[in-house]
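Text of my_file21.txt (compact mmCIF, C-alpha atoms) as supplied:
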# COMPACT_ATOMS: atom_id res chain seq x y z
CA MET A 23 -66.96 35.51 78.13
CA THR A 24 -65.35 32.45 79.70
CA GLU A 25 -61.68 31.68 80.01
CA LEU A 26 -62.13 29.10 77.24
CA THR A 27 -63.83 31.54 74.87
CA ARG A 28 -61.00 34.02 75.05
CA ARG A 29 -58.67 31.30 73.78
CA GLU A 30 -60.21 31.97 70.37
CA PHE A 31 -57.87 34.93 70.25
CA VAL A 32 -54.75 32.95 71.17
CA LYS A 33 -52.68 31.41 68.41
CA VAL A 34 -51.64 27.91 69.38
CA SER A 35 -49.73 25.22 67.58
CA THR A 36 -51.50 22.26 66.02
CA ALA A 37 -50.19 20.02 68.76
CA GLY A 38 -51.26 22.42 71.46
CA ALA A 39 -54.72 22.78 69.98
CA ALA A 40 -55.14 19.04 69.80
CA ALA A 41 -54.03 18.67 73.40
CA MET A 42 -56.47 21.35 74.52
CA ALA A 43 -59.30 19.49 72.87
CA LEU A 44 -58.39 16.53 75.07
CA GLY A 45 -58.24 18.75 78.16
CA SER A 46 -54.50 18.41 78.74
CA ALA A 47 -51.64 20.19 77.05
CA VAL A 48 -48.13 18.98 76.29
CA PRO A 49 -46.49 17.90 79.60
CA LEU A 50 -44.38 20.51 81.38
CA ALA A 51 -41.35 19.94 83.52
CA ALA A 52 -42.02 20.90 87.13
CA PRO A 53 -38.88 22.98 87.82
CA GLY A 54 -38.28 26.48 86.63
CA MET A 55 -41.18 28.71 87.71
CA PRO A 56 -39.71 31.87 89.28
CA GLU A 57 -40.43 32.73 92.92
CA ARG A 58 -41.02 36.10 94.54
CA PRO A 59 -41.44 37.08 98.21
CA LEU A 60 -45.05 37.43 99.34
CA GLY A 61 -44.36 40.64 101.20
CA ARG A 62 -43.39 40.17 104.84
CA THR A 63 -44.99 36.73 105.20
CA GLY A 64 -41.80 34.77 104.58
CA HIS A 65 -43.53 32.75 101.85
CA LYS A 66 -41.97 32.69 98.39
CA ALA A 67 -44.83 32.45 95.92
CA ARG A 68 -44.35 31.02 92.46
CA LEU A 69 -45.08 33.56 89.75
CA PHE A 70 -48.33 31.89 88.67
CA SER A 71 -50.93 30.98 91.27
CA LEU A 72 -54.26 29.22 90.88
CA GLY A 73 -57.52 31.07 91.26
CA GLY A 74 -60.54 29.28 92.67
CA GLN A 75 -63.04 30.45 90.09
CA ALA A 76 -63.89 29.48 86.49
CA VAL A 77 -64.65 25.75 86.44
CA ILE A 78 -63.61 25.26 90.07
CA GLU A 79 -66.64 27.17 91.39
CA LYS A 80 -69.20 25.43 89.18
CA PRO A 81 -71.47 22.60 90.38
CA GLY A 82 -70.90 19.16 88.91
CA THR A 83 -67.25 19.73 87.99
CA GLN A 84 -65.47 18.02 90.87
CA ASP A 85 -63.45 15.60 88.73
CA VAL A 86 -61.98 18.25 86.43
CA SER A 87 -61.53 20.70 89.31
CA VAL A 88 -59.61 18.17 91.42
CA ALA A 89 -57.49 17.31 88.38
CA ILE A 90 -56.66 21.00 87.86
CA VAL A 91 -55.67 21.55 91.50
CA ASN A 92 -53.53 18.42 91.62
CA ARG A 93 -51.83 19.28 88.33
CA ALA A 94 -51.15 22.82 89.52
CA ILE A 95 -49.42 21.58 92.66
CA ASP A 96 -47.50 18.98 90.65
CA LEU A 97 -46.18 21.78 88.42
CA GLY A 98 -44.99 23.89 91.34
CA VAL A 99 -47.93 26.18 92.07
CA ASN A 100 -47.69 26.91 95.79
CA TYR A 101 -50.37 29.59 96.32
CA LEU A 102 -54.06 28.70 96.05
CA ASP A 103 -56.76 31.37 96.11
CA THR A 104 -60.42 30.84 96.91
CA ALA A 105 -63.30 32.47 98.79
CA ALA A 106 -66.37 31.39 100.72
CA GLY A 107 -68.50 33.13 98.11
CA TYR A 108 -67.13 31.30 95.08
CA GLY A 109 -69.95 29.05 93.97
CA ARG A 110 -71.43 29.42 97.47
CA GLY A 111 -68.77 27.16 98.89
CA ILE A 112 -68.26 24.91 95.87
CA SER A 113 -64.73 26.18 95.20
CA GLU A 114 -63.60 25.56 98.76
CA THR A 115 -65.22 22.12 98.73
CA TYR A 116 -63.33 21.05 95.58
CA TYR A 117 -60.07 22.43 96.97
CA GLY A 118 -60.70 20.47 100.15
CA GLU A 119 -60.78 17.20 98.22
CA VAL A 120 -57.14 17.84 97.30
CA LEU A 121 -55.99 19.60 100.45
CA LYS A 122 -57.01 16.76 102.75
CA THR A 123 -53.82 15.04 101.53
CA ARG A 124 -51.71 17.93 100.16
CA ARG A 125 -52.26 20.82 102.59
CA LYS A 126 -48.57 21.19 103.53
CA GLU A 127 -47.57 21.80 99.90
CA VAL A 128 -49.38 25.12 99.47
CA PHE A 129 -50.03 28.57 100.90
CA LEU A 130 -53.83 28.71 101.17
CA ALA A 131 -55.84 31.93 100.93
CA SER A 132 -59.57 32.48 101.36
CA LYS A 133 -61.88 35.44 102.07
CA THR A 134 -64.89 36.77 103.94
CA ARG A 135 -67.43 39.04 102.28
CA ASP A 136 -69.24 39.64 105.58
CA ARG A 137 -68.44 42.98 107.20
CA THR A 138 -69.16 41.93 110.81
CA ARG A 139 -67.08 40.07 113.39
CA ASP A 140 -69.64 37.39 114.16
CA GLY A 141 -70.66 36.83 110.55
CA SER A 142 -67.06 36.57 109.41
CA LEU A 143 -66.09 34.13 112.16
CA LYS A 144 -69.00 31.90 111.15
CA ILE A 145 -67.83 32.04 107.53
CA LEU A 146 -64.29 31.14 108.58
CA ASP A 147 -65.51 28.09 110.49
CA GLU A 148 -67.45 26.94 107.43
CA SER A 149 -64.48 27.60 105.13
CA LEU A 150 -62.10 25.53 107.24
CA LYS A 151 -64.53 22.61 107.22
CA ARG A 152 -64.98 22.73 103.45
CA LEU A 153 -61.24 23.09 102.88
CA GLN A 154 -60.53 20.19 105.25
CA THR A 155 -57.85 22.10 107.16
CA ASP A 156 -57.41 23.59 110.61
CA HIS A 157 -56.03 26.92 109.41
CA LEU A 158 -55.66 29.35 106.53
CA ASP A 159 -52.35 30.90 105.63
CA LEU A 160 -54.15 34.08 104.53
CA TRP A 161 -57.63 35.36 105.33
CA GLN A 162 -58.80 38.42 103.41
CA LEU A 163 -61.56 41.01 103.40
CA HIS A 164 -63.32 40.30 100.12
CA ASN A 165 -64.02 42.96 97.47
CA VAL A 166 -63.83 46.17 99.50
CA MET A 167 -65.53 48.66 97.19
CA ARG A 168 -66.69 51.75 99.06
CA ASP A 169 -65.95 53.83 102.15
CA GLU A 170 -69.13 52.41 103.65
CA ASP A 171 -67.46 48.99 103.56
CA LEU A 172 -64.49 50.35 105.48
CA ASP A 173 -66.76 52.03 108.01
CA GLN A 174 -68.52 48.72 108.68
CA ILE A 175 -65.28 46.70 108.77
CA PHE A 176 -63.59 49.02 111.27
CA ALA A 177 -66.66 49.73 113.43
CA LYS A 178 -67.13 48.08 116.82
CA GLY A 179 -68.07 44.47 116.10
CA GLY A 180 -66.74 44.81 112.55
CA ALA A 181 -64.90 42.26 110.43
CA ILE A 182 -61.45 43.54 111.35
CA GLU A 183 -62.07 42.18 114.85
CA ALA A 184 -62.74 38.75 113.34
CA LEU A 185 -59.49 38.86 111.37
CA GLN A 186 -57.46 39.77 114.44
CA GLN A 187 -59.20 37.22 116.66
CA ALA A 188 -58.67 34.46 114.10
CA ARG A 189 -54.99 35.34 113.85
CA ASP A 190 -54.61 35.43 117.64
CA GLN A 191 -56.22 31.99 117.85
CA LYS A 192 -53.95 30.68 115.06
CA MET A 193 -56.90 29.87 112.80
CA VAL A 194 -55.20 32.09 110.21
CA ARG A 195 -51.60 33.22 109.85
CA PHE A 196 -51.81 36.44 107.83
CA LEU A 197 -54.41 39.08 107.01
CA GLY A 198 -55.23 40.74 103.69
CA ILE A 199 -57.61 43.03 101.83
CA THR A 200 -58.92 42.69 98.27
CA GLY A 201 -60.69 44.83 95.72
CA HIS A 202 -60.99 45.89 92.11
CA TYR A 203 -63.55 48.71 92.18
CA ASP A 204 -61.80 51.85 93.44
CA PRO A 205 -58.06 52.08 94.28
CA ASP A 206 -58.63 55.11 96.51
CA VAL A 207 -60.84 53.09 98.87
CA LEU A 208 -58.17 50.40 99.13
CA ILE A 209 -55.54 53.05 99.81
CA ARG A 210 -57.61 54.25 102.74
CA GLY A 211 -57.97 50.65 103.90
CA ILE A 212 -54.27 49.89 103.99
CA GLU A 213 -53.59 53.21 105.72
CA ARG A 214 -55.98 52.19 108.52
CA PHE A 215 -54.55 48.72 109.21
CA PRO A 216 -51.21 46.95 108.60
CA PHE A 217 -52.51 44.22 106.29
CA ASP A 218 -49.92 41.66 105.18
CA THR A 219 -51.19 41.39 101.60
CA ILE A 220 -53.40 43.04 99.02
CA LEU A 221 -55.17 41.43 96.07
CA MET A 222 -55.76 44.05 93.35
CA ALA A 223 -56.87 44.31 89.75
CA LEU A 224 -54.02 44.78 87.26
CA ASN A 225 -54.03 44.53 83.46
CA PRO A 226 -52.79 46.52 80.44
CA ALA A 227 -55.93 48.71 80.40
CA ASP A 228 -55.40 49.87 83.97
CA LYS A 229 -53.59 53.14 83.36
CA HIS A 230 -56.36 54.67 81.29
CA ARG A 231 -58.70 55.24 84.26
CA LEU A 232 -58.67 54.78 88.05
CA SER A 233 -55.19 53.32 87.86
CA PHE A 234 -54.20 50.77 90.48
CA ILE A 235 -50.70 50.72 88.97
CA ASP A 236 -50.09 54.44 89.46
CA THR A 237 -51.66 54.87 92.90
CA LEU A 238 -52.21 51.72 94.96
CA LEU A 239 -49.35 49.51 93.78
CA PRO A 240 -46.53 51.90 94.79
CA LEU A 241 -48.02 52.35 98.25
CA ALA A 242 -48.41 48.61 98.76
CA ASN A 243 -44.80 48.13 97.72
CA LYS A 244 -43.67 50.90 100.09
CA LYS A 245 -45.48 49.12 102.91
CA GLN A 246 -43.75 45.85 101.92
CA MET A 247 -47.06 44.10 101.42
CA GLY A 248 -47.47 40.95 99.39
CA VAL A 249 -49.18 41.96 96.13
CA ILE A 250 -51.39 39.45 94.35
CA ALA A 251 -52.64 40.46 90.90
CA MET A 252 -56.09 39.58 89.57
CA LYS A 253 -58.41 40.55 86.69
CA ILE A 254 -55.60 40.04 84.20
CA PRO A 255 -57.82 38.83 81.30
CA ALA A 256 -60.81 40.74 82.76
CA ARG A 257 -62.90 37.56 82.36
CA GLY A 258 -62.01 37.49 78.67
CA ARG A 259 -62.94 41.10 77.90
CA LEU A 260 -59.30 42.14 77.55
CA PHE A 261 -59.07 40.17 74.30
CA LYS A 262 -60.31 41.93 71.16
CA GLU A 263 -59.59 41.82 67.46
CA GLY A 264 -57.29 44.77 66.86
CA GLY A 265 -56.42 44.86 70.55
CA ILE A 266 -54.68 42.40 72.85
CA THR A 267 -55.10 38.84 71.57
CA SER A 268 -52.58 36.85 73.60
CA MET A 269 -52.76 35.56 77.16
CA ARG A 270 -48.96 35.48 77.10
CA ASP A 271 -48.87 39.25 76.51
CA ALA A 272 -51.50 39.87 79.20
CA LEU A 273 -49.70 37.78 81.79
CA SER A 274 -46.23 39.03 80.89
CA TYR A 275 -47.37 42.64 81.26
CA VAL A 276 -48.59 42.08 84.81
CA MET A 277 -45.69 39.81 85.76
CA THR A 278 -43.32 42.66 84.80
CA LEU A 279 -44.93 44.86 87.46
CA PRO A 280 -43.67 44.70 91.08
CA VAL A 281 -46.14 42.01 92.16
CA SER A 282 -45.60 38.85 94.19
CA THR A 283 -47.76 36.56 92.06
CA VAL A 284 -50.73 36.49 89.69
CA ILE A 285 -53.92 34.46 90.11
CA VAL A 286 -56.01 33.20 87.22
CA GLY A 287 -58.94 30.81 87.18
CA VAL A 288 -58.98 28.17 84.45
CA ASP A 289 -61.50 25.88 82.78
CA ASN A 290 -59.25 22.87 82.15
CA VAL A 291 -55.76 21.47 82.63
CA ALA A 292 -54.65 22.74 79.21
CA GLN A 293 -55.31 26.35 80.18
CA LEU A 294 -53.49 25.82 83.45
CA GLU A 295 -50.45 24.43 81.67
CA GLU A 296 -50.46 27.27 79.15
CA ASN A 297 -50.39 29.85 81.94
CA ILE A 298 -47.68 28.01 83.86
CA SER A 299 -45.63 27.85 80.67
CA VAL A 300 -45.79 31.66 80.44
CA ALA A 301 -44.61 31.96 84.04
CA ARG A 302 -41.86 29.40 83.56
CA ASP A 303 -40.52 31.21 80.47
CA PHE A 304 -41.16 34.73 81.78
CA LYS A 305 -38.85 37.56 80.77
CA PRO A 306 -39.67 41.15 81.83
CA MET A 307 -41.23 43.26 79.10
CA SER A 308 -39.59 46.47 77.95
CA THR A 309 -41.17 49.81 78.76
CA ALA A 310 -41.93 50.25 75.06
CA ASP A 311 -43.68 46.89 74.81
CA MET A 312 -45.76 47.62 77.89
CA ALA A 313 -46.76 50.99 76.46
CA ARG A 314 -47.76 49.29 73.21
CA LEU A 315 -50.10 46.92 75.05
CA GLU A 316 -51.58 49.81 77.02
CA GLN A 317 -52.28 51.66 73.79
CA LEU A 318 -53.94 48.61 72.24
CA THR A 319 -56.61 48.77 74.93
CA ALA A 320 -57.34 52.49 74.54
CA SER A 321 -60.39 51.94 72.34
CA TYR A 322 -62.12 49.52 74.74
CA VAL A 323 -61.12 50.63 78.24
CA SER A 324 -64.65 50.23 79.59
CA ASP A 325 -64.71 46.55 78.57
CA ALA A 326 -61.21 45.73 79.79
CA SER A 327 -61.88 47.60 83.07
CA TRP A 328 -65.55 46.67 83.48
CA PHE A 329 -65.02 45.81 87.14
CA LYS A 330 -63.98 49.34 88.16
CA LYS A 331 -66.11 52.12 89.58
CA PRO A 332 -68.03 53.61 86.63
CA ALA A 333 -67.21 57.05 85.34
CA ALA A 334 -69.61 59.86 86.24
CA GLY A 335 -72.76 59.52 84.15
CA ALA A 336 -72.01 55.93 83.18
CA GLY A 337 -74.25 53.00 83.99
CA PRO A 338 -73.77 50.72 86.99
CA ALA A 339 -70.75 48.44 87.02
CA GLY A 340 -68.32 46.78 89.25
CA ASP A 341 -69.92 44.52 91.83
CA ASP A 342 -69.40 41.11 90.31
CA GLN A 343 -70.55 39.23 93.41
CA GLY A 344 -67.02 38.55 94.52
CA MET A 345 -65.58 37.40 91.20
CA ASP A 346 -61.87 38.09 91.26
CA HIS A 347 -60.08 36.48 88.34
Could you write out this file's structure as structure tokens?
Amino acid sequence: MTELTRREFVKVSTAGAAAMALGSAVPLAAPGMPERPLGRTGHKARLFSLGGQAVIEKPGTQDVSVAIVNRAIDLGVNYLDTAAGYGRGISETYYGEVLKTRRKEVFLASKTRDRTRDGSLKILDESLKRLQTDHLDLWQLHNVMRDEDLDQIFAKGGAIEALQQARDQKMVRFLGITGHYDPDVLIRGIERFPFDTILMALNPADKHRLSFIDTLLPLANKKQMGVIAMKIPARGRLFKEGGITSMRDALSYVMTLPVSTVIVGVDNVAQLEENISVARDFKPMSTADMARLEQLTASYVSDASWFKKPAAGAGPAGDDQGMDH
């Protein structure tokens, strides 16, 4: 289900619906989006950040993708997320068309899925060229799923050596780890190395099974890491008749958690503006309201958490080829 499809569950005004049909919603004022510290980095991230997936990783969408990135920056978004694997470099290429003139306005994050030093350094070189920049603000290990990943990353000649070398050579400023499959593996990862940030899956279905909120999030906060939230709409599968039907509820739930920012990929400028509007107007949810949303997902946990490690006896799941948002 695409980001656009899940909007079938969102009630919008007549004016908003008409604007969405045109690809641009009612104009928003730039000021007003809250900021939070991105851990120890010194960067203050706006509450909503742009993910480099959805339309931005698809071939033949450069015009709309560039329009989305420019509009995001115009509205105060100051954290951009992408990865070498998104569209096999398409996402970074589209970002680069904007960043060649607006690089200083944003904190730029990308990722390596390679688990070796040499392979990761090659990926970084390619990423910098596509992004039309000489450095990343944040370089992350992409989608760390299993202990075997950690063993490869931390072995001699592993990817952790690439991250440290790139930081020493000022090709990147900060180092991070990402994942949405198994919180216990990520816990072991952040215990083995002082990463600056972590990108983790968080949504109202989380607490029902393999909870990132109950296990990984408190540890990341204790370590004063920047916490970036992903998988909020679970690629549309969070939205069900009789369950959660509002992106505002989904975003507000995660924004109430102790996170630095949330990343979401969008299909058009209207979706971007809708999400920024939620961030701009954000008020923390009550414990009772959060519990209500959690309960609404109880009947479809497997759908809303499809990206997690499957339960014993369940079919294969989880590895979405690096899809984060």
Problem set entry | Minimum-distance residue to A:Gly98, chosen among A:Arg257, A:Lys122, A:Arg68, A:Lys262 (using all atoms listed in the file) | A:Arg68
Problem set entry | Within 10 Å of stretch 174-181 of chain A using only C-alpha atoms, minus same-chain residues under 2 positions, as a ChimeraX atom specification | /A:134-143,163,166,169-172,183-187,211,214-215
For this session: Tell me, as a VMD selection string, which residues lie within 8 Å of stretch 106-115 of chain A, counting all atoms listed in the file; anything in the same chain fewer than 5 positions away does not count.
Result: chain A and resid 74 to 75 78 to 81 132 to 135 145 149 152 to 153 343 to 345
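With distances taken over all atoms listed in the file, A:Lys253 is the one residue among A:Arg195, A:Arg168, A:Lys331, A:Lys253 lying closest to A:Val284.
Rounded to one decimal, atom CA of A:Ser71 and atom CA of A:Phe304 lie 14.1 Å from each other.
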